[in-house]
file target_37.pdb (PDB, C-alpha atoms)
ATOM      1  CA  MET A   1      -2.049  -0.655  97.243
ATOM      2  CA  ALA A   2      -3.506  -1.519 100.632
ATOM      3  CA  VAL A   3      -4.628   2.103 101.088
ATOM      4  CA  ALA A   4      -6.452   2.111  97.744
ATOM      5  CA  PHE A   5      -8.198  -1.139  98.671
ATOM      6  CA  THR A   6      -9.295   0.290 102.016
ATOM      7  CA  ARG A   7     -10.660   3.480 100.456
ATOM      8  CA  GLU A   8     -12.605   1.519  97.866
ATOM      9  CA  GLU A   9     -14.017  -0.704 100.573
ATOM     10  CA  ASP A  10     -14.965   2.363 102.666
ATOM     11  CA  TYR A  11     -16.703   3.933  99.665
ATOM     12  CA  GLU A  12     -18.741   0.781  99.092
ATOM     13  CA  SER A  13     -19.597   0.609 102.777
ATOM     14  CA  GLN A  14     -20.842   4.221 102.712
ATOM     15  CA  ALA A  15     -22.816   3.628  99.513
ATOM     16  CA  ALA A  16     -24.508   0.632 101.134
ATOM     17  CA  HIS A  17     -26.045   2.932 103.756
ATOM     18  CA  LEU A  18     -28.386   4.899 101.528
ATOM     19  CA  PRO A  19     -30.771   7.314 103.215
ATOM     20  CA  ASP A  20     -34.446   6.400 103.123
ATOM     21  CA  ARG A  21     -36.632   7.937 100.448
ATOM     22  CA  PRO A  22     -38.656  10.701 102.091
ATOM     23  CA  ILE A  23     -42.277   9.896 102.849
ATOM     24  CA  SER A  24     -44.677  12.793 102.443
ATOM     25  CA  PRO A  25     -46.481  14.032 105.555
ATOM     26  CA  HIS A  26     -49.708  14.359 103.516
ATOM     27  CA  PRO A  27     -52.319  11.581 103.390
ATOM     28  CA  ASN A  28     -51.465   9.117 100.622
ATOM     29  CA  LEU A  29     -54.570   9.596  98.480
ATOM     30  CA  VAL A  30     -54.480   7.471  95.328
ATOM     31  CA  THR A  31     -56.642   6.826  92.292
ATOM     32  CA  ALA A  32     -57.298   3.247  91.188
ATOM     33  CA  SER A  33     -54.504   3.513  88.610
ATOM     34  CA  GLY A  34     -52.214   5.046  91.245
ATOM     35  CA  LEU A  35     -52.865   2.129  93.604
ATOM     36  CA  ALA A  36     -52.080  -0.329  90.804
ATOM     37  CA  ALA A  37     -48.824   1.536  90.091
ATOM     38  CA  ILE A  38     -47.831   1.396  93.774
ATOM     39  CA  GLU A  39     -48.537  -2.341  93.846
ATOM     40  CA  ALA A  40     -46.419  -2.822  90.703
ATOM     41  CA  GLU A  41     -43.547  -0.838  92.240
ATOM     42  CA  LEU A  42     -43.838  -2.869  95.449
ATOM     43  CA  ALA A  43     -43.689  -6.122  93.467
ATOM     44  CA  ALA A  44     -40.631  -4.849  91.579
ATOM     45  CA  ALA A  45     -38.969  -3.850  94.861
ATOM     46  CA  ARG A  46     -39.651  -7.316  96.308
ATOM     47  CA  GLY A  47     -38.128  -8.861  93.189
ATOM     48  CA  ALA A  48     -35.038  -6.648  93.394
ATOM     49  CA  TYR A  49     -34.663  -7.489  97.087
ATOM     50  CA  ALA A  50     -34.924 -11.236  96.393
ATOM     51  CA  ALA A  51     -32.381 -10.935  93.575
ATOM     52  CA  ALA A  52     -29.974  -8.990  95.789
ATOM     53  CA  GLN A  53     -30.331 -11.602  98.534
ATOM     54  CA  ALA A  54     -29.681 -14.394  96.045
ATOM     55  CA  GLU A  55     -26.483 -12.649  94.934
ATOM     56  CA  GLY A  56     -25.376 -12.531  98.639
ATOM     57  CA  GLY A  57     -21.877 -13.429  99.750
ATOM     58  CA  ILE A  58     -18.702 -11.462 100.298
ATOM     59  CA  GLY A  59     -18.240 -10.360  96.689
ATOM     60  CA  ALA A  60     -21.817  -9.102  96.415
ATOM     61  CA  ASP A  61     -22.690  -5.559  95.445
ATOM     62  CA  ARG A  62     -23.842  -4.123  98.761
ATOM     63  CA  THR A  63     -25.249  -1.037  97.063
ATOM     64  CA  ALA A  64     -27.726  -3.218  95.125
ATOM     65  CA  MET A  65     -28.971  -4.681  98.404
ATOM     66  CA  ALA A  66     -29.148  -1.211  99.989
ATOM     67  CA  ARG A  67     -31.158   0.163  97.033
ATOM     68  CA  ALA A  68     -33.498  -2.825  97.075
ATOM     69  CA  THR A  69     -34.020  -2.562 100.837
ATOM     70  CA  ARG A  70     -34.633   1.181 100.659
ATOM     71  CA  ASP A  71     -37.140   0.828  97.803
ATOM     72  CA  LEU A  72     -38.900  -2.051  99.559
ATOM     73  CA  ARG A  73     -39.316   0.060 102.717
ATOM     74  CA  TYR A  74     -40.593   3.038 100.711
ATOM     75  CA  TRP A  75     -43.140   1.171  98.582
ATOM     76  CA  SER A  76     -44.297  -0.929 101.553
ATOM     77  CA  ALA A  77     -44.997   2.251 103.505
ATOM     78  CA  ARG A  78     -46.722   3.893 100.539
ATOM     79  CA  ARG A  79     -48.924   0.824 100.009
ATOM     80  CA  ALA A  80     -49.762   0.552 103.713
ATOM     81  CA  GLY A  81     -50.853   4.197 103.828
ATOM     82  CA  ALA A  82     -52.634   4.296 100.464
ATOM     83  CA  GLN A  83     -56.203   5.582 100.592
ATOM     84  CA  LEU A  84     -58.144   4.761  97.423
ATOM     85  CA  THR A  85     -60.146   7.898  96.672
ATOM     86  CA  GLU A  86     -62.772   8.224  93.978
ATOM     87  CA  PRO A  87     -64.404  11.521  92.991
ATOM     88  CA  ALA A  88     -67.710  12.024  94.783
ATOM     89  CA  GLY A  89     -70.391  14.629  94.537
ATOM     90  CA  ALA A  90     -71.085  17.042  91.719
ATOM     91  CA  PRO A  91     -69.386  15.937  88.492
ATOM     92  CA  ASP A  92     -68.709  19.550  87.492
ATOM     93  CA  ARG A  93     -66.653  20.351  90.622
ATOM     94  CA  VAL A  94     -62.836  20.078  90.553
ATOM     95  CA  GLN A  95     -61.957  17.169  92.845
ATOM     96  CA  PHE A  96     -59.263  14.588  93.415
ATOM     97  CA  GLY A  97     -59.257  12.135  90.500
ATOM     98  CA  ARG A  98     -60.902  14.487  88.031
ATOM     99  CA  THR A  99     -59.414  16.288  85.048
ATOM    100  CA  VAL A 100     -59.781  20.049  84.904
ATOM    101  CA  ALA A 101     -59.319  22.181  81.797
ATOM    102  CA  PHE A 102     -58.581  25.871  82.202
ATOM    103  CA  GLU A 103     -57.565  28.875  80.166
ATOM    104  CA  ARG A 104     -54.751  31.191  81.135
ATOM    105  CA  GLU A 105     -54.921  34.939  80.705
ATOM    106  CA  ASP A 106     -52.700  34.726  77.584
ATOM    107  CA  GLY A 107     -55.174  32.359  75.876
ATOM    108  CA  ARG A 108     -53.263  29.104  76.476
ATOM    109  CA  GLN A 109     -55.467  26.191  77.451
ATOM    110  CA  GLN A 110     -54.244  23.379  79.674
ATOM    111  CA  ALA A 111     -55.764  20.332  81.325
ATOM    112  CA  PHE A 112     -54.496  18.293  84.259
ATOM    113  CA  ARG A 113     -55.809  15.340  86.211
ATOM    114  CA  ILE A 114     -55.488  15.768  89.977
ATOM    115  CA  VAL A 115     -53.928  12.618  91.451
ATOM    116  CA  GLY A 116     -51.816  11.293  94.325
ATOM    117  CA  GLU A 117     -48.217  12.319  94.891
ATOM    118  CA  ASP A 118     -46.624   9.105  93.592
ATOM    119  CA  GLU A 119     -48.615   9.142  90.364
ATOM    120  CA  ALA A 120     -48.197  12.828  89.503
ATOM    121  CA  ASP A 121     -46.462  13.524  86.190
ATOM    122  CA  PRO A 122     -47.073  17.059  84.884
ATOM    123  CA  ALA A 123     -45.514  16.234  81.504
ATOM    124  CA  ALA A 124     -48.144  13.496  81.106
ATOM    125  CA  GLY A 125     -50.987  15.737  82.286
ATOM    126  CA  SER A 126     -51.329  14.872  85.969
ATOM    127  CA  VAL A 127     -50.507  16.890  89.080
ATOM    128  CA  SER A 128     -50.419  16.032  92.756
ATOM    129  CA  TYR A 129     -53.360  17.136  94.851
ATOM    130  CA  VAL A 130     -50.925  18.950  97.171
ATOM    131  CA  SER A 131     -49.354  20.984  94.358
ATOM    132  CA  PRO A 132     -50.058  24.736  94.295
ATOM    133  CA  LEU A 133     -51.858  24.291  90.954
ATOM    134  CA  ALA A 134     -54.243  21.652  92.305
ATOM    135  CA  ARG A 135     -54.833  23.496  95.576
ATOM    136  CA  SER A 136     -55.856  26.630  93.673
ATOM    137  CA  LEU A 137     -58.306  24.665  91.494
ATOM    138  CA  LEU A 138     -59.871  22.215  93.973
ATOM    139  CA  GLY A 139     -63.514  22.962  94.715
ATOM    140  CA  LYS A 140     -64.016  25.249  91.709
ATOM    141  CA  VAL A 141     -66.687  24.704  89.038
ATOM    142  CA  VAL A 142     -66.881  25.536  85.330
ATOM    143  CA  GLY A 143     -66.813  29.304  84.858
ATOM    144  CA  ASP A 144     -65.004  29.983  88.144
ATOM    145  CA  THR A 145     -61.725  31.854  88.205
ATOM    146  CA  ALA A 146     -58.706  30.700  90.222
ATOM    147  CA  MET A 147     -55.385  32.390  90.832
ATOM    148  CA  LEU A 148     -52.311  30.607  89.559
ATOM    149  CA  ASN A 149     -48.917  32.211  90.169
ATOM    150  CA  GLY A 150     -50.665  35.524  90.621
ATOM    151  CA  ASP A 151     -52.549  35.269  87.315
ATOM    152  CA  PRO A 152     -56.217  34.405  86.881
ATOM    153  CA  VAL A 153     -57.248  31.217  85.089
ATOM    154  CA  GLU A 154     -60.800  30.327  84.062
ATOM    155  CA  ILE A 155     -62.162  26.808  84.564
ATOM    156  CA  LEU A 156     -63.429  25.570  81.171
ATOM    157  CA  ALA A 157     -64.365  21.943  81.887
ATOM    158  CA  VAL A 158     -64.220  19.244  84.546
ATOM    159  CA  HIS A 159     -64.390  15.515  83.784
TER     160      HIS A 159
END
call {"tool": "encode", "arguments": {"input": "target_37.pdb", "output": "structure tokens"}}
result
Amino acid sequence: MAVAFTREEDYESQAAHLPDRPISPHPNLVTASGLAAIEAELAAARGAYAAAQAEGGIGADRTAMARATRDLRYWSARRAGAQLTEPAGAPDRVQFGRTVAFEREDGRQQAFRIVGEDEADPAAGSVSYVSPLARSLLGKVVGDTAMLNGDPVEILAVH
């Protein structure tokens, strides 16, 4: 019974030392909505940290404190490095913060908004500016062709 208790305690001790969430080496460009989302995540992380501290004591769940601390470090770093970036220049040019519609060779049409890494959600129609898709489209204008996975796509609209 003492061995089982020790192993359980060791497991909890290991779980309490979670590795940090990786921070991208790219500049943390964000849209206004992306900055608001980072601030909301930071507030939630502060709340989770305060709740984990309040639980404190010997019987406390150390993994909850480790998760809260890790998330607080991550979102603090992301907020500190956030660079609010608005589209500038020609409104018909594919840029950070703009939505680009394009047509694939097989006739499928797609549209994505180019955003920061933390706010990217391809299923919801947004991709990170460092993604291969965004990098192939950035700087193009309506009528231009870009290569995507070895296939040409035509830019239909930018807004």
call {"tool": "resolve_selection", "arguments": {"input": "target_37.pdb", "expression": "the PyMOL selection byres ((chain A and resi 27) around 9)", "output": "ChimeraX atom specification"}}
result
/A:24-26,28-29,81-83
call {"tool": "resolve_selection", "arguments": {"input": "target_37.pdb", "expression": "the PyMOL selection byres ((chain A and resi 45) around 8)", "output": "PyMOL selection string"}}
result
chain A and resi 41-44+46-49+68-69+71-72+75
call {"tool": "residues_around", "arguments": {"input": "target_37.pdb", "residues": "segment 137-139 of chain A", "least_positions_apart": "5", "cutoff": "6 Å", "atoms": "all atoms listed in the file", "output": "VMD selection string"}}
result
chain A and resid 93 to 95
call {"tool": "residues_around", "arguments": {"input": "target_37.pdb", "residues": "Ala120 of chain A", "least_positions_apart": "5", "cutoff": "12 Å", "atoms": "only C-alpha atoms", "output": "NGL selection string"}}
result
:A and (29-31 or 33-34 or 37 or 96-97 or 112-115 or 125-131 or 134)
call {"tool": "atom_distance", "arguments": {"input": "target_37.pdb", "atom1": "atom CA of Gly107 of chain A", "atom2": "atom CA of Gly150 of chain A"}}
result
15.7 Å
call {"tool": "closest_residue", "arguments": {"input": "target_37.pdb", "among": "A:Asp92, A:Glu154, A:Glu119, A:Glu39", "to": "Ser76 of chain A", "atoms": "only C-alpha atoms"}}
result
A:Glu39
call {"tool": "resolve_selection", "arguments": {"input": "target_37.pdb", "expression": "the PyMOL selection byres ((chain A and resi 106) around 12)", "output": "NGL selection string"}}
result
:A and (102-105 or 107-110 or 151-154)
call {"tool": "write_last_selection", "arguments": {"input": "target_37.pdb", "atoms": "C-alpha atoms", "output": "PDB file, in the frame of the given file"}}
result
ATOM      1  CA  PHE A 102     -58.581  25.871  82.202  1.00  0.00           C
ATOM      2  CA  GLU A 103     -57.565  28.875  80.166  1.00  0.00           C
ATOM      3  CA  ARG A 104     -54.751  31.191  81.135  1.00  0.00           C
ATOM      4  CA  GLU A 105     -54.921  34.939  80.705  1.00  0.00           C
ATOM      5  CA  GLY A 107     -55.174  32.359  75.876  1.00  0.00           C
ATOM      6  CA  ARG A 108     -53.263  29.104  76.476  1.00  0.00           C
ATOM      7  CA  GLN A 109     -55.467  26.191  77.451  1.00  0.00           C
ATOM      8  CA  GLN A 110     -54.244  23.379  79.674  1.00  0.00           C
ATOM      9  CA  ASP A 151     -52.549  35.269  87.315  1.00  0.00           C
ATOM     10  CA  PRO A 152     -56.217  34.405  86.881  1.00  0.00           C
ATOM     11  CA  VAL A 153     -57.248  31.217  85.089  1.00  0.00           C
ATOM     12  CA  GLU A 154     -60.800  30.327  84.062  1.00  0.00           C
TER      13      GLU A 154
END
call {"tool": "atom_distance", "arguments": {"input": "target_37.pdb", "atom1": "atom CA of Asp121 of chain A", "atom2": "atom CA of Thr99 of chain A"}}
result
13.3 Å
call {"tool": "decode", "arguments": {"input": "target_37.pdb", "residues": "segment 133-148 of chain A", "atoms": "C-alpha atoms", "output": "CSV table (one decimal), in the first residue's frame"}}
result
chain,number,residue,atom,x,y,z
A,133,LEU,CA,-1.6,29.2,-47.8
A,134,ALA,CA,-1.3,32.8,-46.6
A,135,ARG,CA,2.3,33.1,-47.7
A,136,SER,CA,1.4,32.1,-51.2
A,137,LEU,CA,-1.4,34.6,-51.4
A,138,LEU,CA,0.1,37.7,-49.6
A,139,GLY,CA,0.8,40.6,-51.9
A,140,LYS,CA,-1.4,39.3,-54.8
A,141,VAL,CA,-4.3,41.2,-56.3
A,142,VAL,CA,-7.6,40.2,-57.9
A,143,GLY,CA,-6.9,38.2,-61.1
A,144,ASP,CA,-3.4,37.1,-60.0
A,145,THR,CA,-2.6,33.4,-59.8
A,146,ALA,CA,-0.8,31.8,-56.8
A,147,MET,CA,0.5,28.3,-56.4
A,148,LEU,CA,-1.1,26.3,-53.6
